[in-house]
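Participant: Okay, handing you the structure first.
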Number of protein chains: 4
Amino acid sequence: MIKVGIVGGTGYTGVELLRLLALHPEVRLHAITSRADAGTPVSQMFPSLRGLVDLQFVHPDEAHLETCDLVFFATPNGIAMQQTKALLDQGVKVIDLAADFRIRDIGLWEKWYGMTHACPELVEEAVYGLPEINRDRIRSARLVANPGCYPTAVQLGFIPLLEAGVIEETGLIADAKSGVSGAGRKAEIPTLFAEASDNFKAYGVAGHRHLPEIRQGLSGIVGREVGLTFVPHLTPLIRGIHATLYGRLTRDVDLQALFEKRYENETFVDVMPPGSHPETRTVRGSNRCRIALHRPQGGDTVVVLSVIDNLVKGAAGQAVQNMNIMFGFAEDAALNIVPLLP
Amino acid sequence: MIKVGIVGGTGYTGVELLRLLALHPEVRLHAITSRADAGTPVSQMFPSLRGLVDLQFVHPDEAHLETCDLVFFATPNGIAMQQTKALLDQGVKVIDLAADFRIRDIGLWEKWYGMTHACPELVEEAVYGLPEINRDRIRSARLVANPGCYPTAVQLGFIPLLEAGVIEETGLIADAKSGVSGAGRKAEIPTLFAEASDNFKAYGVAGHRHLPEIRQGLSGIVGREVGLTFVPHLTPLIRGIHATLYGRLTRDVDLQALFEKRYENETFVDVMPPGSHPETRTVRGSNRCRIALHRPQGGDTVVVLSVIDNLVKGAAGQAVQNMNIMFGFAEDAALNIVPLLP
Amino acid sequence: MIKVGIVGGTGYTGVELLRLLALHPEVRLHAITSRADAGTPVSQMFPSLRGLVDLQFVHPDEAHLETCDLVFFATPNGIAMQQTKALLDQGVKVIDLAADFRIRDIGLWEKWYGMTHACPELVEEAVYGLPEINRDRIRSARLVANPGCYPTAVQLGFIPLLEAGVIEETGLIADAKSGVSGAGRKAEIPTLFAEASDNFKAYGVAGHRHLPEIRQGLSGIVGREVGLTFVPHLTPLIRGIHATLYGRLTRDVDLQALFEKRYENETFVDVMPPGSHPETRTVRGSNRCRIALHRPQGGDTVVVLSVIDNLVKGAAGQAVQNMNIMFGFAEDAALNIVPLLP
Amino acid sequence: MIKVGIVGGTGYTGVELLRLLALHPEVRLHAITSRADAGTPVSQMFPSLRGLVDLQFVHPDEAHLETCDLVFFATPNGIAMQQTKALLDQGVKVIDLAADFRIRDIGLWEKWYGMTHACPELVEEAVYGLPEINRDRIRSARLVANPGCYPTAVQLGFIPLLEAGVIEETGLIADAKSGVSGAGRKAEIPTLFAEASDNFKAYGVAGHRHLPEIRQGLSGIVGREVGLTFVPHLTPLIRGIHATLYGRLTRDVDLQALFEKRYENETFVDVMPPGSHPETRTVRGSNRCRIALHRPQGGDTVVVLSVIDNLVKGAAGQAVQNMNIMFGFAEDAALNIVPLLP
């Protein structure tokens with residue numbers, strides 16, 4: 001049984017952490033902070049948690065997070081980097097669901113996130129929390145940078161191809177579609193129901209913050225800079241990311257066998273049968289990533305279809321998976337959830 | 001550990017039973033039948049169950065349901081009444097999620113359902129599976145008639161008022177709104193996405209099959225025929241029923257206290273704080289019914305708001321709750337699920 | 001050809017006015033104001049208007065609205081009452097789409113809207129712009145108070161019954177459901193896609209601002225205070241209101257004939273055949289109200305189903321209809337639009 | 001004033017033709033056929049047309065289509081090819097909204113459509129009805145093959161690039177997303193609301209019938225076979241296609257100027273300002289195609305974003321545009337519609 005705190009619990013990743021941790025057999029929720037909503041019962045803001053979470057939001061200053069074994073940051077970018085050092089110094093482990101520790105090149109991070117990094121030295125220590133790549137390092141980490149939602153879906157789809165060296169490392173295309181919860185629980189006009197419903201659009205084509213994160217991950221695999229075009233789209237789902245990935249094969253290969261082999265021991269990556277089209281709803285509410293492989297008309301273009309729930313495997317679920325690894329719990333503790341279909 | 005069979009597993013109540021039973025600690029799924037899809041792996045039709053349910057659909061003749069401890073019928077109306085007797089005779093308990101055993105007046109049933117009843121004698125034995133009314137009788141039942149979705153939401157909202165005798169027994173109004181999954185997994189034009197999305201309509205105003213079921217339930221409470229107008233509507237949700245109930249108070253009463261007292265021991269009925277507006281999403285995927293009470297402008301009209309997930313408390317979840325009661329399991333076994341919000 | 005100005009054009013009623021007026025044969029758009037977005041081309045904010053509306057938003061001070069023949073206020077409550085007098089004094093006619101001039105009882109208005117009224121004397125002069133009741137007075141009005149969306153749908157459904165005196169005047173129930181655009185184009189969390197999609201809830205049950213407006217309208221018909229319970233709900237549509245109305249018949253009457261007779265000359269009220277269930281999508285984008293009558297099981301409860309597009313007949317369309325009447329244009333000028341189905 | 005017939009009017013392209021033709025100043029609707037629904041008033045099936053279309057569906061044998069000036073086929077594939085010859089012989093012009101006359105290579109058509117072609121000789125005569133490419137030939141055509149929805153969005157996006165010879169002719173990628181109405185008004189489980197809502201998936205990755213149509217169009221431009229990967233997806237919209245197109249630039253070029261020049265005289269193609277992200281809702285209900293150009297990070301990959309309403313520019317609207325051209329009407333007659341936003 002560990003003592004867990006959550007900083008910034010009023011967003012979608014916060015309530016999703018609560019959904020998962022409320023039934024975790026090894027976790028006691030100690031505190032969940034919010035400056036604006038201190039004093040409000042969590043279950044008043046999120047009635048789905050009535051009877052399951054009895055905490056009130058507390059002001060960060062009164063949260064005594066230093067008494068926790070682990071603190072999750074479910075905050076906007078730029079918060080965790082200011083508070084993590086003090087927690088680590090007091091022996092508290094940290095998982096940041098925001099982007100503060102994801103990008104190793106500080107200059108690059110500062111350019112894309114438009115602020116000065118508060119603790120570059122911790123970036124070096126932080127482990128990028130994609131268990132399918134970094135499980136061993138996560139196990140002994142004090143600080144985990146939980147991956148972004150798009151980067152999770154895209155990397156899991158490209159990893160086997162790049163590791164095996166069977167596609168060109170330039171000209172990669174990631175055409176990704178996200179549900180609206182990916183924009184967070186923020187009062188903004190473009191994500192109103194009357195704006196985002198019955199509508200489809202691309203956004204950030206000129207450059208999205210997840211681009212350098214994906215590039216860093218993919219480049220790390222091959223040891224060279226990969227060439228990638230990343231186009232995110234907004235689609236009228238609450239949850240779900242569908243990444244459609246394109247690469248050019250450099251030699252003939254049994255794609256199905258390649259992926260099945262690569263992920264055979266991964267609980268949360270499901271390589272579907274040949275010819276499949278994974279649907280986002282088949283992972284709704286679960287930590288699963290489902291992947292299918294296609295090679296249309298037998299040409300040299302490989303098409304990888306990769307779906308996740310952006311709030312679970314793309315955020316809170318992966319964070320819990322990382323916690324489970326860090327503390328030696330069963331990796332699927334509290335994550336053995338059947339997707340909600342229909 | 002009991003052995004469970006499901007007849008007719010390709011509809012939404014079927015897959016929902018599978019979602020719940022897959023993780024039930026006391027249940028071993030023995031067989032799930034389908035004439036049309038015999039031989040198809042369940043997880044091929046419902047990829048959400050990949051890795052969780054290894055069964056294939058089997059033809060009813062090859063299912064050996066007589067070896068089960070319990071059989072669920074997740075079939076269209078008129079099927080269970082033909083097969084239940086044989087199962088009961090072999091010592092198998094039965095829960096019918098359709099309407100075959102819900103209406104005690106055979107003539108009335110035959111009028112609304114348009115067929116001759118195959119075993120009226122079992123209707124007499126069957127227990128109406130609304131635990132909040134019939135828990136003791138369910139405990140010893142061989143045959144449970146699982147309530148309809150609208151009847152569950154509407155009855156749970158009216159029961160405390162009628163039991164306490166604080167509203168007129170005529171002029172009751174149940175204005176109910178259902179998500180589209182309530183229409184079942186049937187290929188029909190009116191429930192196509194392009195028809196039902198971004199659209200709202202009433203239907204069956206002249207008479208809906210759930211009307212006699214609700215009337216029977218409410219009349220049973222007061223011992224007299226109640227007067228009820230029931231208007232169902234279709235709203236663009238996948239899951240969820242919202243019943244807005246209207247009654248005329250005959251005397252002053254503390255509505256909040258009345259409901260809280262009535263449901264204080266009910267795990268799955270949540271009486272919300274005064275002034276609340278329960279949202280269907282706060283019960284999404286869970287077996288909870290949430291209720292709030294209003295008395296607008298202090299007048300003599302009471303407004304009860306009652307929400308459930310039509311596939312859970314309105315169907316498969318309530319069926320599992322009934323099973324848990326019949327077999328002496330914890331009533332919330334496999335039902336301790338946090339609603340999926342957002 | 002008249003010269004028309006719009007104050008507050010960045011909300012949904014503003015862009016809807018533009019949609020309708022852009023093709024109006026008798027209207028020249030002179031100016032559309034916005035303090036926050038002055039200088040922005042209208043078609044940049046609303047690309048649907050590219051090539052159709054060439055205006056930029058202008059600051060109110062530079063709009064020269066006094067040169068217009070007519071000004072629409074598509075502003076939040078409390079704005080029109082401050083600017084209308086000056087415009088009227090300069091011979092400009094005014095249609096207010098907000099609530100400033102709808103309620104004749106100033107004290108009641110101030111209680112529900114939480115502010116002091118700036119020009120009570122104009123409330124007296126203002127004509128309530130429901131053409132089906134007030135066409136003659138609208139014709140000669142200088143100032144029209146355009147009705148609210150709920151009040152339009154509810155009143156059109158109750159009017160024939162109350163005029164004919166065939167229902168009790170107390171115990172009326174209006175159970176109304178609105179699409180999310182009814183909440184306006186405002187950045188607020190409860191109307192985000194991820195909050196309002198796949199969700200259904202009641203709101204404002206204790207009291208909604210449209211209640212006194214509806215009560216005033218219905219009471220005006222019978223010359224006595226009517227007793228009405230009004231429960232609004234939010235449903236995941238972009239556009240559309242469905243009002244389900246309940247009343248108790250005091251004598252036998254041919255409901256169908258009554259409504260057909262009442263609305264036989266009304267272009268925008270469609271009494272559907274007996275047994276119909278009007279769907280909101282059948283009026284999507286159009287100024288039509290469709291109504292159907294039911295008397296379930298032949299009892300004494302009458303159920304009226306009434307649907308409108310909240311942004312058209314419930315707002316901008318009705319405003320254009322009022323303009324057409326005020327200026328002697330064909331009443332359906334620019335309103336002869338086929339609903340968008342599917 | 002011409003006399004127009006519609007064969008197969010009960011699908012979405014049929015009702016959309018009716019929506020557009022109902023207000024066309026030069027068209028008199030003579031007959032609309034349906035075998036299954038002969039005798040049913042059109043406005044009973046589509047109440048949106050009440051008061052606007054007074055026809056009943058008639059059996060094809062009683063439709064006297066030979067008296068028409070023009071007949072639209074809004075039928076499944078394989079119908080028009082059986083009836084067109086007789087109509088042409090009687091001097092009736094024909095526009096087929098299905099695929100019967102789109103593919104010039106009969107063998108290829110037969111392979112993809114799984115049937116023997118009934119009149120290959122007419123395929124040769126038929127003009128592919130993409131006005132932006134074939135306006136002059138359409139003007140004098142007797143028989144027009146109206147393009148598919150995906151092919152319209154994809155071709156309009158690639159045409160300027162291929163005509164100018166500024167991208168590689170192989171490795172083209174069209175990642176396209178369609179609303180559910182694209183699947184037609186057919187009772188099928190995968191397009192039910194409860195299946196397709198809150199869900200996103202690719203389909204037909206191995207091969208979709210629109211692939212050969214797009215390839216033929218693009219190859220026709222360059223005079224050589226192009227290399228194209230086409231991946232269609234289903235997204236929870238009623239209407240709308242968003243095509244995200246990728247090509248590799250072979251030389252530096254002013255993309256914005258290239259597209260603006262190419263489409264400067266095209267009423268229905270809107271090249272948006274640099275940096276734009278066209279949204280499907282900005283063309284909802286209209287015949288517009290909106291296009292934006294991107295060159296992420298200044299690399300050699302060009303990204304074209306192209307949106308249409310699949311039922312209008314992707315089907316019925318383009319058919320009416322073709323009719324207007326064939327009969328010398330204003331090209332935008334009945335198509336001057338403001339998109340419905342929100």
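Just remember, in the structure tokens the first chain shown is A, the second B, etc., residues are 1-based per chain, and ligands are 1-based in the order shown.
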I'd like the contact shell of Met1 (chain B) - 9 Å cut-off, only C-alpha atoms, skipping same-chain residues fewer than 6 positions apart - returned as a ChimeraX atom specification.
Facilitator: /B:25-28
Participant: Check the DSSP output for the backbone and give back, as a PyMOL selection string, the residues of region 29-250 of chain A in alpha helix (DSSP H).
Facilitator: chain A and resi 42-45+80-89+106-113+120-125+131-139+149-164+193-196+210-222
Participant: Got a sec: who's within 8 Å of Thr280 (chain D), counting only C-alpha atoms, leaving out chain neighbours fewer than 3 positions off, as a CSV table (one decimal) with C-alpha atoms, in the first residue's frame?
Facilitator:
```
chain,number,residue,atom,x,y,z
A,199,ASN,CA,-17.3,18.6,-37.6
A,200,PHE,CA,-13.8,17.4,-38.6
A,201,LYS,CA,-10.7,19.4,-39.1
D,239,ARG,CA,-22.0,14.9,-43.5
D,240,GLY,CA,-18.6,15.8,-44.6
D,241,ILE,CA,-15.4,14.5,-46.1
D,242,HIS,CA,-11.9,15.7,-45.1
D,283,VAL,CA,-19.3,23.5,-46.2
D,284,ARG,CA,-22.2,21.7,-44.5
D,307,VAL,CA,-13.2,19.4,-47.4
D,308,ILE,CA,-16.6,18.9,-49.0
D,309,ASP,CA,-20.1,17.9,-48.0
```
Participant: Would you give me, as a VMD selection string, the residues of chain A that come within 9 Å of chain D, using only C-alpha atoms?
Facilitator: chain A and resid 171 173 175 177 179 194 to 195 197 to 207 229 to 231 235 to 242 244 246 248 275 to 282 294 to 299 301 303 305 307 341 to 342
Participant: Report the distance between CA of Val94 (chain B) and CA of Pro131 (chain B) in Å, rounded to one decimal place.
Facilitator: 15.8 Å
Participant: If we count only C-alpha atoms and set the cut-off at 12 Å, which residues sit around Gly317 (chain C), ignoring sequence neighbours fewer than 2 positions away in its own chain? Please answer as a ChimeraX atom specification.
Facilitator: /C:13-21,24,72,95,97,129-131,146-149,152,268,283-289,308-315,319-324,331-337
Participant: Can you write out the residues you just picked, keeping N, CA and C atoms, as a compact mmCIF listing (two decimals), in the first residue's frame?
Facilitator:
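Wrote part15.txt, looks like this:
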```txt
# COMPACT_ATOMS: atom_id res chain seq x y z
N THR C 13 -26.56 33.50 -32.55
CA THR C 13 -27.68 34.19 -33.19
C THR C 13 -27.15 35.21 -34.20
N GLY C 14 -25.98 35.75 -33.94
CA GLY C 14 -25.39 36.69 -34.88
C GLY C 14 -25.03 36.03 -36.20
N VAL C 15 -24.32 34.92 -36.13
CA VAL C 15 -23.92 34.27 -37.38
C VAL C 15 -25.14 33.69 -38.09
N GLU C 16 -26.16 33.35 -37.33
CA GLU C 16 -27.38 32.83 -37.96
C GLU C 16 -28.15 33.95 -38.67
N LEU C 17 -28.16 35.12 -38.06
CA LEU C 17 -28.74 36.27 -38.77
C LEU C 17 -28.00 36.50 -40.09
N LEU C 18 -26.69 36.42 -40.03
CA LEU C 18 -25.90 36.62 -41.25
C LEU C 18 -26.22 35.57 -42.30
N ARG C 19 -26.35 34.32 -41.86
CA ARG C 19 -26.69 33.26 -42.81
C ARG C 19 -27.98 33.60 -43.55
N LEU C 20 -28.97 34.08 -42.80
CA LEU C 20 -30.27 34.35 -43.40
C LEU C 20 -30.27 35.64 -44.21
N LEU C 21 -29.65 36.67 -43.66
CA LEU C 21 -29.70 37.97 -44.32
C LEU C 21 -28.81 38.03 -45.56
N HIS C 24 -30.96 37.64 -48.41
CA HIS C 24 -32.27 38.31 -48.39
C HIS C 24 -32.32 39.35 -49.51
N PHE C 72 -30.71 44.87 -35.42
CA PHE C 72 -30.92 43.67 -34.59
C PHE C 72 -29.92 43.70 -33.42
N ILE C 95 -35.07 45.26 -33.36
CA ILE C 95 -35.50 43.92 -32.92
C ILE C 95 -34.45 43.39 -31.96
N LEU C 97 -33.03 40.38 -29.88
CA LEU C 97 -33.11 38.92 -29.76
C LEU C 97 -32.85 38.44 -28.33
N GLY C 129 -42.61 39.53 -30.16
CA GLY C 129 -42.56 39.16 -31.57
C GLY C 129 -42.89 37.72 -31.89
N LEU C 130 -44.03 37.26 -31.43
CA LEU C 130 -44.49 35.94 -31.85
C LEU C 130 -45.59 36.18 -32.89
N PRO C 131 -45.24 36.09 -34.17
CA PRO C 131 -46.19 36.51 -35.21
C PRO C 131 -47.51 35.75 -35.14
N ASN C 146 -37.97 39.91 -29.52
CA ASN C 146 -38.01 38.59 -30.15
C ASN C 146 -38.09 37.52 -29.06
N PRO C 147 -39.02 36.56 -29.18
CA PRO C 147 -39.22 35.58 -28.11
C PRO C 147 -38.02 34.68 -27.88
N GLY C 148 -37.93 34.09 -26.70
CA GLY C 148 -36.93 33.09 -26.41
C GLY C 148 -37.22 31.81 -27.16
N CYS C 149 -36.23 30.93 -27.18
CA CYS C 149 -36.37 29.69 -27.95
C CYS C 149 -37.38 28.75 -27.30
N THR C 152 -40.95 30.02 -27.55
CA THR C 152 -41.58 29.85 -28.87
C THR C 152 -42.16 28.44 -29.02
N PHE C 268 -45.30 29.06 -41.09
CA PHE C 268 -44.19 28.44 -40.37
C PHE C 268 -44.62 27.51 -39.23
N VAL C 283 -36.68 20.13 -38.99
CA VAL C 283 -36.73 21.59 -39.07
C VAL C 283 -35.33 22.20 -39.03
N ARG C 284 -34.31 21.37 -39.12
CA ARG C 284 -32.92 21.84 -38.98
C ARG C 284 -32.59 22.92 -40.02
N GLY C 285 -32.24 24.07 -39.55
CA GLY C 285 -31.87 25.16 -40.44
C GLY C 285 -33.05 25.95 -40.97
N SER C 286 -34.27 25.56 -40.61
CA SER C 286 -35.45 26.23 -41.16
C SER C 286 -36.25 26.93 -40.08
N ASN C 287 -37.17 27.77 -40.50
CA ASN C 287 -37.97 28.56 -39.57
C ASN C 287 -39.27 27.88 -39.17
N ARG C 288 -39.40 26.60 -39.52
CA ARG C 288 -40.62 25.85 -39.27
C ARG C 288 -40.74 25.41 -37.81
N CYS C 289 -41.95 25.40 -37.31
CA CYS C 289 -42.29 24.68 -36.08
C CYS C 289 -43.22 23.55 -36.49
N ILE C 308 -38.72 22.92 -32.95
CA ILE C 308 -38.21 24.04 -33.72
C ILE C 308 -36.69 23.92 -33.79
N ASP C 309 -36.08 24.68 -34.70
CA ASP C 309 -34.64 24.92 -34.64
C ASP C 309 -34.46 26.13 -33.74
N ASN C 310 -33.78 25.94 -32.62
CA ASN C 310 -33.68 27.02 -31.63
C ASN C 310 -33.00 28.27 -32.19
N LEU C 311 -32.13 28.10 -33.18
CA LEU C 311 -31.45 29.27 -33.74
C LEU C 311 -32.26 29.95 -34.84
N VAL C 312 -33.28 29.27 -35.36
CA VAL C 312 -34.06 29.86 -36.44
C VAL C 312 -35.41 30.32 -35.89
N LYS C 313 -36.41 29.45 -35.89
CA LYS C 313 -37.69 29.90 -35.33
C LYS C 313 -37.53 30.31 -33.86
N GLY C 314 -36.52 29.76 -33.20
CA GLY C 314 -36.28 30.13 -31.81
C GLY C 314 -35.40 31.36 -31.63
N ALA C 315 -34.97 31.97 -32.71
CA ALA C 315 -34.11 33.16 -32.57
C ALA C 315 -34.04 33.95 -33.89
N ALA C 319 -36.69 36.43 -35.90
CA ALA C 319 -36.34 37.85 -35.99
C ALA C 319 -36.47 38.34 -37.43
N VAL C 320 -36.02 37.53 -38.38
CA VAL C 320 -36.15 37.92 -39.79
C VAL C 320 -37.62 37.92 -40.20
N GLN C 321 -38.36 36.94 -39.69
CA GLN C 321 -39.80 36.91 -39.96
C GLN C 321 -40.45 38.21 -39.44
N ASN C 322 -40.06 38.62 -38.25
CA ASN C 322 -40.59 39.87 -37.71
C ASN C 322 -40.18 41.06 -38.56
N MET C 323 -38.92 41.08 -39.00
CA MET C 323 -38.48 42.16 -39.88
C MET C 323 -39.32 42.19 -41.16
N ASN C 324 -39.53 41.01 -41.74
CA ASN C 324 -40.34 40.95 -42.96
C ASN C 324 -41.73 41.55 -42.74
N GLU C 331 -43.55 37.43 -46.00
CA GLU C 331 -43.20 36.98 -44.66
C GLU C 331 -42.13 35.89 -44.70
N ASP C 332 -42.04 35.18 -45.80
CA ASP C 332 -41.04 34.11 -45.88
C ASP C 332 -39.81 34.52 -46.70
N ALA C 333 -39.65 35.79 -46.94
CA ALA C 333 -38.46 36.23 -47.69
C ALA C 333 -37.20 35.78 -46.94
N ALA C 334 -36.31 35.14 -47.65
CA ALA C 334 -35.05 34.61 -47.11
C ALA C 334 -35.27 33.47 -46.13
N LEU C 335 -36.51 33.07 -45.94
CA LEU C 335 -36.79 31.99 -44.99
C LEU C 335 -37.33 30.75 -45.68
N ASN C 336 -37.34 30.79 -47.01
CA ASN C 336 -37.83 29.63 -47.74
C ASN C 336 -36.68 28.64 -47.92
N ILE C 337 -36.33 28.01 -46.84
CA ILE C 337 -35.15 27.15 -46.77
C ILE C 337 -35.61 25.72 -46.52
```
Participant: Can you tell me, as a list in words, what residues are no more than 7 Å from Arg215 (chain D) when counting only C-alpha atoms, ignoring any on the same chain fewer than 4 positions away?
Facilitator: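 Final neighbour list, sorted by chain and number: Leu211, Ser219 and Val226 of chain D.
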Participant: For the residues in that selection, give me C-alpha atoms as a PDB file, in the first residue's frame.
Facilitator:
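Writing done, so here's part_39.pdb:
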```
ATOM      1  CA  LEU D 211      -9.301   3.934 -55.557  1.00  0.00           C
ATOM      2  CA  SER D 219      -3.364   9.449 -64.134  1.00  0.00           C
ATOM      3  CA  VAL D 226       0.293   7.572 -60.697  1.00  0.00           C
TER       4      VAL D 226
END
```
Participant: Write out as a list in words each polymer residue whose atoms come within 8 Å of region 159-167 of chain C, counting only C-alpha atoms; drop sequence neighbours fewer than 2 positions from it.
Facilitator: Gln155, Leu156, Gly157, Glu169, Leu218, Ile221, Val222, Gly247, Arg248, Leu249, Thr250, Arg251, Asp252, Val253, Leu258, Phe259 and Arg262 of chain C
Participant: Next, the residues of the selection above should be written as a PDB file, in the first residue's frame with N, CA and C atoms.
Facilitator:
```
ATOM      1  N   GLN C 155     -45.099  27.878 -26.321  1.00  0.00           N
ATOM      2  CA  GLN C 155     -46.336  28.630 -26.549  1.00  0.00           C
ATOM      3  C   GLN C 155     -47.081  28.143 -27.793  1.00  0.00           C
ATOM      4  N   LEU C 156     -46.350  27.895 -28.871  1.00  0.00           N
ATOM      5  CA  LEU C 156     -47.033  27.444 -30.085  1.00  0.00           C
ATOM      6  C   LEU C 156     -47.768  26.126 -29.846  1.00  0.00           C
ATOM      7  N   GLY C 157     -47.265  25.321 -28.917  1.00  0.00           N
ATOM      8  CA  GLY C 157     -47.931  24.056 -28.602  1.00  0.00           C
ATOM      9  C   GLY C 157     -49.132  24.213 -27.697  1.00  0.00           C
ATOM     10  N   GLU C 169     -56.206  25.011 -16.628  1.00  0.00           N
ATOM     11  CA  GLU C 169     -55.199  26.069 -16.714  1.00  0.00           C
ATOM     12  C   GLU C 169     -54.118  25.902 -15.647  1.00  0.00           C
ATOM     13  N   LEU C 218     -48.792  32.549 -21.826  1.00  0.00           N
ATOM     14  CA  LEU C 218     -49.957  31.674 -21.675  1.00  0.00           C
ATOM     15  C   LEU C 218     -51.035  32.354 -20.833  1.00  0.00           C
ATOM     16  N   ILE C 221     -53.199  34.708 -22.721  1.00  0.00           N
ATOM     17  CA  ILE C 221     -54.244  34.110 -23.559  1.00  0.00           C
ATOM     18  C   ILE C 221     -55.533  33.888 -22.781  1.00  0.00           C
ATOM     19  N   VAL C 222     -55.381  33.384 -21.567  1.00  0.00           N
ATOM     20  CA  VAL C 222     -56.603  33.027 -20.832  1.00  0.00           C
ATOM     21  C   VAL C 222     -57.049  34.165 -19.910  1.00  0.00           C
ATOM     22  N   GLY C 247     -51.164  18.468 -20.760  1.00  0.00           N
ATOM     23  CA  GLY C 247     -52.273  19.197 -20.157  1.00  0.00           C
ATOM     24  C   GLY C 247     -53.426  18.235 -19.898  1.00  0.00           C
ATOM     25  N   ARG C 248     -54.368  18.653 -19.068  1.00  0.00           N
ATOM     26  CA  ARG C 248     -55.495  17.778 -18.771  1.00  0.00           C
ATOM     27  C   ARG C 248     -56.742  18.331 -19.462  1.00  0.00           C
ATOM     28  N   LEU C 249     -57.318  17.535 -20.330  1.00  0.00           N
ATOM     29  CA  LEU C 249     -58.492  17.963 -21.085  1.00  0.00           C
ATOM     30  C   LEU C 249     -59.689  18.126 -20.152  1.00  0.00           C
ATOM     31  N   THR C 250     -60.435  19.184 -20.404  1.00  0.00           N
ATOM     32  CA  THR C 250     -61.649  19.392 -19.609  1.00  0.00           C
ATOM     33  C   THR C 250     -62.898  18.949 -20.366  1.00  0.00           C
ATOM     34  N   ARG C 251     -62.743  18.736 -21.664  1.00  0.00           N
ATOM     35  CA  ARG C 251     -63.872  18.200 -22.435  1.00  0.00           C
ATOM     36  C   ARG C 251     -63.344  17.558 -23.709  1.00  0.00           C
ATOM     37  N   ASP C 252     -64.216  16.773 -24.304  1.00  0.00           N
ATOM     38  CA  ASP C 252     -63.820  16.074 -25.511  1.00  0.00           C
ATOM     39  C   ASP C 252     -63.683  17.076 -26.652  1.00  0.00           C
ATOM     40  N   VAL C 253     -62.662  16.880 -27.470  1.00  0.00           N
ATOM     41  CA  VAL C 253     -62.412  17.829 -28.532  1.00  0.00           C
ATOM     42  C   VAL C 253     -61.621  17.138 -29.624  1.00  0.00           C
ATOM     43  N   LEU C 258     -58.682  21.166 -34.247  1.00  0.00           N
ATOM     44  CA  LEU C 258     -58.452  22.403 -33.513  1.00  0.00           C
ATOM     45  C   LEU C 258     -57.132  23.056 -33.921  1.00  0.00           C
ATOM     46  N   PHE C 259     -56.067  22.254 -33.945  1.00  0.00           N
ATOM     47  CA  PHE C 259     -54.748  22.811 -34.292  1.00  0.00           C
ATOM     48  C   PHE C 259     -54.667  23.170 -35.774  1.00  0.00           C
ATOM     49  N   ARG C 262     -56.416  26.422 -36.243  1.00  0.00           N
ATOM     50  CA  ARG C 262     -55.719  27.564 -35.638  1.00  0.00           C
ATOM     51  C   ARG C 262     -54.543  28.038 -36.495  1.00  0.00           C
TER      52      ARG C 262
END
```
Participant: Could you give me, as a PyMOL selection string, each residue of region 102-183 of chain A that DSSP assigns to strand (DSSP E or B) when run on this structure's backbone?
Facilitator: chain A and resi 127-128+143-145+167+172-178
Participant: Can you tell me how far CA of Thr170 (chain D) sits from CA of Val304 (chain D), in Å to one decimal?
Facilitator: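 According to the coordinates, CA of Thr170 (chain D) and CA of Val304 (chain D) are separated by 16.0 Å.
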Participant: One number please: CA of Thr10 (chain D) to CA of Leu87 (chain D), in Å, one decimal.
Facilitator: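 Taking CA of Thr10 (chain D) as the start and CA of Leu87 (chain D) as the end point, the length is 21.1 Å.
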